[in-house]
$ cat entry-v4.cif   # mmCIF, C-alpha atoms
data_protein
loop_
_atom_site.group_PDB
_atom_site.id
_atom_site.type_symbol
_atom_site.label_atom_id
_atom_site.label_comp_id
_atom_site.auth_asym_id
_atom_site.auth_seq_id
_atom_site.Cartn_x
_atom_site.Cartn_y
_atom_site.Cartn_z
ATOM 1 C CA MET T 8 65.851 48.318 -54.132
ATOM 2 C CA GLY T 9 64.198 50.572 -51.527
ATOM 3 C CA ARG T 10 63.223 53.022 -54.217
ATOM 4 C CA THR T 11 61.621 50.249 -56.252
ATOM 5 C CA ASN T 12 59.623 49.076 -53.249
ATOM 6 C CA ARG T 13 58.476 52.620 -52.506
ATOM 7 C CA HIS T 14 57.384 53.005 -56.090
ATOM 8 C CA SER T 15 55.584 49.655 -55.986
ATOM 9 C CA ASP T 16 53.836 50.652 -52.745
ATOM 10 C CA GLU T 17 52.674 53.892 -54.327
ATOM 11 C CA ILE T 18 51.181 51.973 -57.259
ATOM 12 C CA GLU T 19 49.413 49.619 -54.863
ATOM 13 C CA VAL T 20 47.920 52.550 -52.975
ATOM 14 C CA LEU T 21 46.638 53.972 -56.261
ATOM 15 C CA TYR T 22 45.226 50.551 -57.121
ATOM 16 C CA ARG T 23 43.310 50.442 -53.857
ATOM 17 C CA GLN T 24 42.078 54.028 -54.302
ATOM 18 C CA HIS T 25 40.973 53.886 -57.927
ATOM 19 C CA GLY T 26 40.859 50.173 -58.735
ATOM 20 C CA ALA T 27 37.088 49.870 -58.392
ATOM 21 C CA ALA T 28 36.313 52.825 -60.668
ATOM 22 C CA LEU T 29 38.958 51.725 -63.149
ATOM 23 C CA LEU T 30 37.536 48.219 -63.231
ATOM 24 C CA LEU T 31 34.029 49.594 -63.777
ATOM 25 C CA PHE T 32 35.332 51.797 -66.576
ATOM 26 C CA ALA T 33 37.080 48.845 -68.239
ATOM 27 C CA SER T 34 34.010 46.630 -67.770
ATOM 28 C CA THR T 35 31.679 49.188 -69.351
ATOM 29 C CA MET T 36 34.080 49.490 -72.280
ATOM 30 C CA SER T 37 34.551 45.806 -72.943
ATOM 31 C CA GLY T 38 31.360 44.291 -71.512
ATOM 32 C CA ASP T 39 33.514 41.494 -70.120
ATOM 33 C CA ARG T 40 34.419 41.788 -66.468
ATOM 34 C CA CYS T 41 37.126 39.115 -66.504
ATOM 35 C CA GLY T 42 38.803 40.694 -69.488
ATOM 36 C CA ALA T 43 38.513 44.074 -67.793
ATOM 37 C CA GLN T 44 40.155 42.664 -64.671
ATOM 38 C CA ASP T 45 43.007 41.272 -66.760
ATOM 39 C CA ALA T 46 43.501 44.584 -68.519
ATOM 40 C CA LEU T 47 43.582 46.378 -65.166
ATOM 41 C CA HIS T 48 46.200 43.999 -63.743
ATOM 42 C CA GLN T 49 48.211 44.281 -66.920
ATOM 43 C CA VAL T 50 48.294 48.074 -66.612
ATOM 44 C CA PHE T 51 49.310 48.117 -62.962
ATOM 45 C CA LEU T 52 51.941 45.389 -63.267
ATOM 46 C CA LYS T 53 53.463 47.212 -66.201
ATOM 47 C CA LEU T 54 53.496 50.416 -64.172
ATOM 48 C CA ILE T 55 55.281 48.629 -61.325
ATOM 49 C CA GLU T 56 57.880 47.238 -63.728
ATOM 50 C CA ASN T 57 58.479 50.384 -65.738
ATOM 51 C CA GLY T 58 57.999 53.037 -63.089
ATOM 52 C CA SER T 59 56.543 55.385 -65.689
ATOM 53 C CA LEU T 60 53.802 56.697 -63.395
ATOM 54 C CA SER T 61 56.137 59.120 -61.637
ATOM 55 C CA GLU T 62 56.350 61.157 -64.847
ATOM 56 C CA ALA T 63 52.567 61.636 -65.063
ATOM 57 C CA ALA T 64 51.304 65.022 -63.856
ATOM 58 C CA ASP T 65 47.733 63.829 -63.255
ATOM 59 C CA LYS T 66 48.117 60.275 -62.002
ATOM 60 C CA LYS T 67 44.419 59.449 -61.781
ATOM 61 C CA ALA T 68 43.624 60.648 -65.304
ATOM 62 C CA TYR T 69 46.752 58.874 -66.532
ATOM 63 C CA LEU T 70 45.534 55.610 -65.004
ATOM 64 C CA PHE T 71 42.166 55.906 -66.735
ATOM 65 C CA ALA T 72 43.948 56.612 -70.028
ATOM 66 C CA CYS T 73 46.186 53.557 -69.569
ATOM 67 C CA VAL T 74 43.233 51.301 -68.797
ATOM 68 C CA ARG T 75 41.336 52.657 -71.799
ATOM 69 C CA ASP T 76 44.301 51.943 -74.083
ATOM 70 C CA ALA T 77 44.774 48.471 -72.615
ATOM 71 C CA VAL T 78 41.124 47.532 -73.135
ATOM 72 C CA LEU T 79 41.122 48.869 -76.677
ATOM 73 C CA ASN T 80 44.343 47.020 -77.457
ATOM 74 C CA ASP T 81 43.256 43.786 -75.828
ATOM 75 C CA TYR T 82 39.972 43.548 -77.604
ATOM 76 C CA ASN T 83 41.112 45.300 -80.732
ATOM 77 C CA LEU T 84 38.015 47.419 -80.432
ATOM 78 C CA GLN T 85 37.244 50.710 -81.934
ATOM 79 C CA ARG T 86 33.622 49.969 -81.183
ATOM 80 C CA ARG T 87 32.448 47.640 -78.459
ATOM 81 C CA ASN T 88 31.183 44.373 -79.879
ATOM 82 C CA ILE T 89 30.854 42.147 -76.833
ATOM 83 C CA ALA T 90 27.425 41.558 -75.343
ATOM 84 C CA LEU T 91 26.841 42.479 -71.718
ATOM 85 C CA GLU T 92 27.372 39.539 -69.387
ATOM 86 C CA ALA T 93 24.076 38.757 -67.671
ATOM 87 C CA ASP T 94 25.676 37.208 -64.586
ATOM 88 C CA SER T 95 28.362 39.749 -63.883
ATOM 89 C CA ILE T 96 27.635 42.439 -61.335
ATOM 90 C CA TRP T 97 29.374 45.785 -61.577
ATOM 91 C CA PHE T 98 28.025 47.583 -58.523
ATOM 92 C CA SER T 99 27.262 47.082 -54.902
ATOM 93 C CA PRO T 100 23.710 48.493 -54.910
ATOM 94 C CA PRO T 101 22.141 50.530 -52.077
ATOM 95 C CA ASP T 102 19.902 48.434 -49.815
ATOM 96 C CA ARG T 103 20.964 45.322 -51.739
ATOM 97 C CA ASP T 104 18.602 46.308 -54.511
ATOM 98 C CA TYR T 105 20.021 43.989 -57.166
ATOM 99 C CA ALA T 106 17.104 44.653 -59.496
ATOM 100 C CA ALA T 107 18.114 48.317 -59.543
ATOM 101 C CA GLU T 108 21.735 47.298 -60.121
ATOM 102 C CA GLN T 109 20.735 45.213 -63.109
ATOM 103 C CA ASN T 110 18.551 48.032 -64.369
ATOM 104 C CA LEU T 111 21.439 50.503 -64.106
ATOM 105 C CA ARG T 112 23.797 48.109 -65.855
ATOM 106 C CA ARG T 113 21.367 47.486 -68.665
ATOM 107 C CA THR T 114 20.656 51.189 -69.087
ATOM 108 C CA LEU T 115 24.348 52.080 -69.045
ATOM 109 C CA ASN T 116 24.988 49.408 -71.608
ATOM 110 C CA ALA T 117 22.308 50.854 -73.868
ATOM 111 C CA LEU T 118 24.037 54.248 -73.989
ATOM 112 C CA PRO T 119 26.329 55.062 -76.897
ATOM 113 C CA ASP T 120 30.034 54.442 -76.139
ATOM 114 C CA ASP T 121 31.050 58.100 -75.914
ATOM 115 C CA GLN T 122 28.181 58.970 -73.549
ATOM 116 C CA ARG T 123 28.711 55.929 -71.363
ATOM 117 C CA GLU T 124 32.411 56.737 -71.069
ATOM 118 C CA VAL T 125 31.674 60.272 -69.875
ATOM 119 C CA ILE T 126 29.077 59.117 -67.338
ATOM 120 C CA VAL T 127 31.364 56.497 -65.834
ATOM 121 C CA LEU T 128 34.406 58.743 -65.752
ATOM 122 C CA HIS T 129 32.542 61.635 -64.119
ATOM 123 C CA VAL T 130 30.179 59.856 -61.707
ATOM 124 C CA TRP T 131 32.314 56.960 -60.506
ATOM 125 C CA GLY T 132 35.781 57.961 -61.715
ATOM 126 C CA GLU T 133 35.246 61.423 -60.240
ATOM 127 C CA LEU T 134 37.175 63.070 -63.051
ATOM 128 C CA THR T 135 36.346 66.661 -63.963
ATOM 129 C CA PHE T 136 35.039 67.533 -67.420
ATOM 130 C CA SER T 137 38.405 69.084 -68.147
ATOM 131 C CA GLN T 138 40.259 65.868 -67.204
ATOM 132 C CA ILE T 139 37.858 63.795 -69.290
ATOM 133 C CA GLY T 140 38.332 66.203 -72.188
ATOM 134 C CA ASP T 141 42.109 65.742 -72.001
ATOM 135 C CA LEU T 142 41.708 61.997 -71.756
ATOM 136 C CA LEU T 143 39.404 61.673 -74.752
ATOM 137 C CA ASP T 144 40.961 64.548 -76.670
ATOM 138 C CA VAL T 145 37.660 66.456 -76.764
ATOM 139 C CA SER T 146 36.860 69.930 -75.441
ATOM 140 C CA SER T 147 35.495 70.141 -71.907
ATOM 141 C CA ASN T 148 32.365 71.938 -73.176
ATOM 142 C CA THR T 149 31.583 69.015 -75.449
ATOM 143 C CA ILE T 150 32.145 66.646 -72.548
ATOM 144 C CA ALA T 151 29.823 68.682 -70.309
ATOM 145 C CA SER T 152 26.990 68.720 -72.834
ATOM 146 C CA ARG T 153 27.527 65.043 -73.628
ATOM 147 C CA TYR T 154 27.296 64.303 -69.916
ATOM 148 C CA ARG T 155 24.040 66.187 -69.380
ATOM 149 C CA TYR T 156 22.481 64.573 -72.386
ATOM 150 C CA ALA T 157 23.586 61.091 -71.271
ATOM 151 C CA LEU T 158 22.453 61.685 -67.701
ATOM 152 C CA GLY T 159 18.981 62.684 -68.916
ATOM 153 C CA LYS T 160 18.753 59.579 -71.079
ATOM 154 C CA LEU T 161 19.882 57.394 -68.207
ATOM 155 C CA ARG T 162 17.312 58.867 -65.843
ATOM 156 C CA ASP T 163 14.499 58.558 -68.366
ATOM 157 C CA SER T 164 15.417 54.957 -69.041
ATOM 158 C CA MET T 165 15.647 53.990 -65.393
ATOM 159 C CA PHE T 166 12.543 55.876 -64.276
ATOM 160 C CA PRO T 167 10.365 56.223 -67.344
ATOM 161 C CA LYS T 168 7.114 57.316 -65.651
ATOM 162 C CA GLU T 169 8.348 59.825 -63.088
ATOM 163 C CA ASN T 170 10.968 62.202 -64.430
ATOM 164 C CA SER T 171 12.934 62.331 -61.231
ATOM 165 C CA CYS T 172 15.164 59.873 -59.426
ATOM 166 C CA ALA T 173 13.847 57.253 -57.040
ATOM 167 C CA GLY T 174 16.039 58.421 -54.196
ATOM 168 C CA SER T 175 14.333 61.820 -54.000
ATOM 169 C CA MET H 25 22.876 76.532 -63.855
ATOM 170 C CA PRO H 26 22.912 72.881 -62.774
ATOM 171 C CA ASP H 27 19.629 71.032 -62.902
ATOM 172 C CA PRO H 28 18.547 69.942 -59.383
ATOM 173 C CA ASN H 29 17.092 66.789 -60.896
ATOM 174 C CA ASP H 30 20.465 66.023 -62.444
ATOM 175 C CA GLU H 31 22.211 66.551 -59.122
ATOM 176 C CA ARG H 32 19.784 64.327 -57.259
ATOM 177 C CA PHE H 33 20.042 61.643 -59.896
ATOM 178 C CA GLU H 34 23.832 61.897 -59.779
ATOM 179 C CA THR H 35 23.716 61.439 -56.004
ATOM 180 C CA TYR H 36 21.462 58.431 -56.499
ATOM 181 C CA LEU H 37 23.874 56.941 -59.027
ATOM 182 C CA LYS H 38 26.802 57.408 -56.651
ATOM 183 C CA GLN H 39 25.049 55.186 -54.141
ATOM 184 C CA PHE H 40 25.900 52.330 -56.481
ATOM 185 C CA ARG H 41 29.482 51.637 -55.540
ATOM 186 C CA PRO H 42 31.673 49.898 -58.124
ATOM 187 C CA LEU H 43 32.863 46.491 -56.943
ATOM 188 C CA LEU H 44 36.462 46.200 -55.847
ATOM 189 C CA PRO H 45 38.837 44.426 -58.214
ATOM 190 C CA ASP H 46 40.795 41.310 -57.314
ATOM 191 C CA ALA H 47 44.026 41.894 -55.433
ATOM 192 C CA LEU H 48 46.964 42.899 -57.570
ATOM 193 C CA PRO H 49 49.270 39.864 -58.003
ATOM 194 C CA VAL H 50 52.234 41.987 -56.986
ATOM 195 C CA ASN H 51 53.329 39.701 -54.123
ATOM 196 C CA GLU H 52 54.158 36.940 -56.595
ATOM 197 C CA ILE H 53 56.470 39.315 -58.420
ATOM 198 C CA ARG H 54 58.154 40.369 -55.193
ATOM 199 C CA GLN H 55 58.631 36.811 -54.011
ATOM 200 C CA ALA H 56 60.240 35.677 -57.237
ATOM 201 C CA PRO H 57 64.044 35.810 -56.828
ATOM 202 C CA PRO H 58 65.918 38.097 -59.203
ATOM 203 C CA GLY H 59 67.579 36.506 -62.226
ATOM 204 C CA HIS H 60 71.179 36.943 -61.046
ATOM 205 C CA ILE H 61 70.459 35.106 -57.776
ATOM 206 C CA VAL H 62 69.034 32.154 -59.695
ATOM 207 C CA LEU H 63 72.132 32.113 -61.928
ATOM 208 C CA THR H 64 74.454 32.218 -58.922
ATOM 209 C CA VAL H 65 72.630 29.326 -57.284
ATOM 210 C CA TRP H 66 72.946 27.266 -60.467
ATOM 211 C CA ALA H 67 76.643 28.111 -60.839
ATOM 212 C CA VAL H 68 77.428 27.167 -57.226
ATOM 213 C CA GLY H 69 75.452 23.933 -57.630
ATOM 214 C CA GLY H 70 77.409 23.089 -60.783
ATOM 215 C CA ILE H 71 80.771 23.721 -59.107
ATOM 216 C CA VAL H 72 79.837 21.580 -56.097
ATOM 217 C CA ALA H 73 78.739 18.755 -58.396
ATOM 218 C CA MET H 74 82.032 18.945 -60.333
ATOM 219 C CA VAL H 75 84.090 18.874 -57.128
ATOM 220 C CA ILE H 76 82.171 15.833 -55.859
ATOM 221 C CA LEU H 77 82.675 14.051 -59.183
ATOM 222 C CA GLY H 78 86.385 14.885 -59.173
ATOM 223 C CA VAL H 79 86.950 13.630 -55.631
ATOM 224 C CA THR H 80 84.977 10.444 -56.310
ATOM 225 C CA SER H 81 86.870 9.632 -59.507
ATOM 226 C CA LEU H 82 90.224 10.311 -57.783
ATOM 227 C CA ARG H 83 89.329 7.928 -54.979
ATOM 228 C CA ILE H 84 88.292 5.227 -57.485
ATOM 229 C CA LEU H 85 91.564 5.666 -59.411
ATOM 230 C CA ASN H 86 93.634 5.459 -56.206
ATOM 231 C CA HIS H 87 91.773 2.323 -55.202
ATOM 232 C CA ARG H 88 92.472 0.680 -58.582
ATOM 233 C CA VAL H 89 96.168 1.603 -58.559
ATOM 234 C CA THR H 90 96.573 0.164 -55.060
ATOM 235 C CA GLY H 91 94.811 -3.039 -56.102
ATOM 236 C CA GLU H 92 96.977 -3.432 -59.201
ATOM 237 C CA SER H 93 100.229 -2.871 -57.342
ATOM 238 C CA LYS H 94 99.350 -5.833 -55.089
ATOM 239 C CA HIS H 95 99.234 -8.187 -58.092
ATOM 240 C CA SER H 96 102.234 -6.739 -59.912
ATOM 241 C CA ALA H 97 104.599 -9.438 -58.545
ATOM 242 C CA SER H 98 102.825 -12.280 -60.337
ATOM 243 C CA VAL H 99 101.288 -10.619 -63.379
ATOM 244 C CA GLU H 100 103.010 -8.152 -65.607
ATOM 245 C CA LEU H 101 100.849 -6.101 -67.849
ATOM 246 C CA LEU H 102 102.405 -5.751 -71.244
ATOM 247 C CA ALA H 103 101.127 -3.160 -73.589
ATOM 248 C CA PRO H 104 101.180 -4.355 -77.176
ATOM 249 C CA THR H 105 103.870 -2.726 -79.229
ATOM 250 C CA PRO H 106 102.269 -0.142 -81.428
ATOM 251 C CA LEU H 107 102.527 -0.739 -85.167
ATOM 252 C CA THR H 108 104.540 2.006 -86.831
ATOM 253 C CA ILE H 109 105.604 2.547 -90.457
ATOM 254 C CA ARG H 110 109.201 2.478 -89.348
ATOM 255 C CA GLY H 111 108.726 -0.877 -87.642
ATOM 256 C CA ALA H 112 106.895 -2.318 -90.665
ATOM 257 C CA ASN H 113 109.655 -1.134 -93.032
ATOM 258 C CA GLY H 114 112.276 -2.707 -90.794
ATOM 259 C CA LEU H 115 110.404 -6.003 -90.811
ATOM 260 C CA LEU H 116 110.023 -5.920 -94.610
ATOM 261 C CA ALA H 117 113.761 -5.329 -94.984
ATOM 262 C CA THR H 118 114.804 -8.254 -92.766
ATOM 263 C CA ALA H 119 112.008 -10.822 -93.231
ATOM 264 C CA PRO H 120 112.415 -13.637 -95.785
ATOM 265 C CA SER H 121 108.969 -13.165 -97.327
ATOM 266 C CA TYR H 122 105.974 -10.883 -97.345
ATOM 267 C CA LYS H 123 103.861 -13.622 -95.707
ATOM 268 C CA ALA H 124 106.318 -13.868 -92.846
ATOM 269 C CA VAL H 125 106.051 -10.094 -92.313
ATOM 270 C CA MET H 126 102.263 -10.320 -92.193
ATOM 271 C CA ASN H 127 102.428 -13.205 -89.708
ATOM 272 C CA GLU H 128 104.853 -11.283 -87.582
ATOM 273 C CA LEU H 129 102.570 -8.249 -87.534
ATOM 274 C CA ALA H 130 99.365 -10.213 -86.923
ATOM 275 C CA PHE H 131 100.776 -12.584 -84.295
ATOM 276 C CA PRO H 132 103.647 -10.871 -82.523
ATOM 277 C CA PRO H 133 105.798 -13.114 -80.287
ATOM 278 C CA LYS H 134 104.583 -13.021 -76.714
ATOM 279 C CA THR H 135 106.929 -12.567 -73.853
ATOM 280 C CA SER H 136 106.216 -14.786 -70.926
ATOM 281 C CA THR H 137 104.393 -13.170 -68.046
ATOM 282 C CA VAL H 138 104.756 -16.211 -65.839
ATOM 283 C CA PRO H 139 107.298 -16.004 -63.041
ATOM 284 C CA LYS H 140 110.394 -18.188 -63.358
ATOM 285 C CA ASP H 141 109.438 -20.661 -60.653
ATOM 286 C CA LYS H 142 106.018 -21.348 -62.209
ATOM 287 C CA GLN H 143 104.731 -22.861 -65.411
ATOM 288 C CA SER H 144 102.137 -21.652 -67.850
ATOM 289 C CA ALA H 145 99.265 -24.108 -68.205
ATOM 290 C CA LEU H 146 98.884 -23.128 -71.860
ATOM 291 C CA ALA H 147 102.545 -23.831 -72.570
ATOM 292 C CA VAL H 148 102.292 -27.269 -70.885
ATOM 293 C CA LEU H 149 99.152 -28.162 -72.817
ATOM 294 C CA GLY H 150 100.792 -26.943 -76.031
ATOM 295 C CA LYS H 151 103.705 -29.347 -75.484
ATOM 296 C CA GLU H 152 101.468 -32.363 -74.827
ATOM 297 C CA LYS H 153 100.498 -34.551 -77.737
ATOM 298 C CA ILE H 154 96.853 -35.293 -77.420
ATOM 299 C CA LYS H 155 95.568 -38.279 -79.264
ATOM 300 C CA LEU H 156 92.085 -37.926 -80.608
#
$ encode --input "entry-v4.cif" --output "structure tokens"
Amino acid sequence: MGRTNRHSDEIEVLYRQHGAALLLFASTMSGDRCGAQDALHQVFLKLIENGSLSEAADKKAYLFACVRDAVLNDYNLQRRNIALEADSIWFSPPDRDYAAEQNLRRTLNALPDDQREVIVLHVWGELTFSQIGDLLDVSSNTIASRYRYALGKLRDSMFPKENSCAGS
Amino acid sequence: MPDPNDERFETYLKQFRPLLPDALPVNEIRQAPPGHIVLTVWAVGGIVAMVILGVTSLRILNHRVTGESKHSASVELLAPTPLTIRGANGLLATAPSYKAVMNELAFPPKTSTVPKDKQSALAVLGKEKIKL
């Protein structure tokens, strides 16, 4: 009983630590924030029941892999086919700049699936290229070049006139 | 060699913090009692209900028996004699006719349940000759 509670507590700590990035990742995959939330809960509740997380060497990468599988299973998607929800907000923007938040969301949504995945996993999931490579079963060099290419596209789309970020 | 523009843009992107998800509904799971506890509660409830039913029916039976024993002096309960093949064969052997056997079986002679010092109203009325 005590062991189960300890395990459950550990899962809850992981949920608090990585829940936001995992939810963003699921939302960018499915385009549906509610569905993404459900998938996230499904993953964590299953982990609490089964206790399979203790066997994972890299817990954070394992969580992202689980969420990815859950979203793909739930929506039966190989390719995303759900339109971006206009009302749903994914980020808490700096200086409450909700126009910038919407711009970022729209630009992220316009990226191809594989590039968007890499951006989200590296910037907000804080996974290394090597971890992302293991997760997506692609070499880390491919992930790195995919990331740079996607980042450039994102920047050009968000700031088309000046070729540098607004924060600089 | 990392591009400084990339790094600055990455820093800018990180200023957008992903929204927190809803709380994990783990408390509901914890609060739900385990299956064996629910089963035990049901079993105990069933046993208690059976005991209550048993005690109640015993008390009702006792009450009835006591009530009947009070009236046993005046009224005697006679169970009808069960019809058996042996009894029917005996009647067929001794009776004068088949019709008499059937009458005997359908309307068996009643023994009087009235005490000796009293009279049956039915018997008295049966003796009277009523003129219509």
$ resolve_selection --input "entry-v4.cif" --expression "the PyMOL selection byres ((chain T and resi 50) around 10)" --output "ChimeraX atom specification"
/T:44-49,51-55,70-71,73-78
$ interface_residues --input "entry-v4.cif" --of "chain T" --to "chain H" --cutoff "9 Å" --atoms "all atoms listed in the file" --output "PyMOL selection string"
chain T and resi 15+19+22-23+26-31+44+47-48+51-52+55+96-101+108+111+130-131+155+158-159+162+170-175
$ atom_distance --input "entry-v4.cif" --atom1 "CA of Leu142 in chain T" --atom2 "CA of Ala68 in chain T"
6.9 Å
$ atom_distance --input "entry-v4.cif" --atom1 "CA of Gly69 in chain H" --atom2 "CA of Asn86 in chain H"
26.0 Å
$ atom_distance --input "entry-v4.cif" --atom1 "CA of Leu115 in chain H" --atom2 "CA of Asn127 in chain H"
10.8 Å
$ axis_aligned_box --input "entry-v4.cif" --around "range 117-128 of chain H" --padding-each-side "4 Å" --output "lines of an AutoDock Vina configuration file"
center_x = 108.5
center_y = -9.6
center_z = -92.5
size_x = 20.5
size_y = 16.5
size_z = 17.8
$ residues_near_point --input "entry-v4.cif" --point "(32.6, 48.6, -70.0)" --cutoff "10 Å" --atoms "all atoms listed in the file" --output "list in words"
Leu29, Leu30, Leu31, Phe32, Ala33, Ser34, Thr35, Met36, Ser37, Gly38, Asp39, Arg40, Ala43, Arg75, Val78, Arg87, Ile89, Leu91, Trp97, Arg112, Leu115, Asn116, Asp120, Arg123, Glu124 and Val127 of chain T
$ closest_residue --input "entry-v4.cif" --among "T:Ser164, T:Ser146, T:Gln138, T:Asn57" --to "Ala117 in chain T" --atoms "only C-alpha atoms"
T:Ser164
$ residues_around --input "entry-v4.cif" --residues "Ala157 in chain T" --least-positions-apart "3" --cutoff "8 Å" --atoms "all atoms listed in the file" --output "PDB file with C-alpha atoms, in the coordinates of the input"
ATOM      1  CA  LEU T 118      24.037  54.248 -73.989  1.00  0.00           C
ATOM      2  CA  GLN T 122      28.181  58.970 -73.549  1.00  0.00           C
ATOM      3  CA  ARG T 123      28.711  55.929 -71.363  1.00  0.00           C
ATOM      4  CA  ILE T 126      29.077  59.117 -67.338  1.00  0.00           C
ATOM      5  CA  ARG T 153      27.527  65.043 -73.628  1.00  0.00           C
ATOM      6  CA  TYR T 154      27.296  64.303 -69.916  1.00  0.00           C
ATOM      7  CA  LYS T 160      18.753  59.579 -71.079  1.00  0.00           C
ATOM      8  CA  LEU T 161      19.882  57.394 -68.207  1.00  0.00           C
TER       9      LEU T 161
END
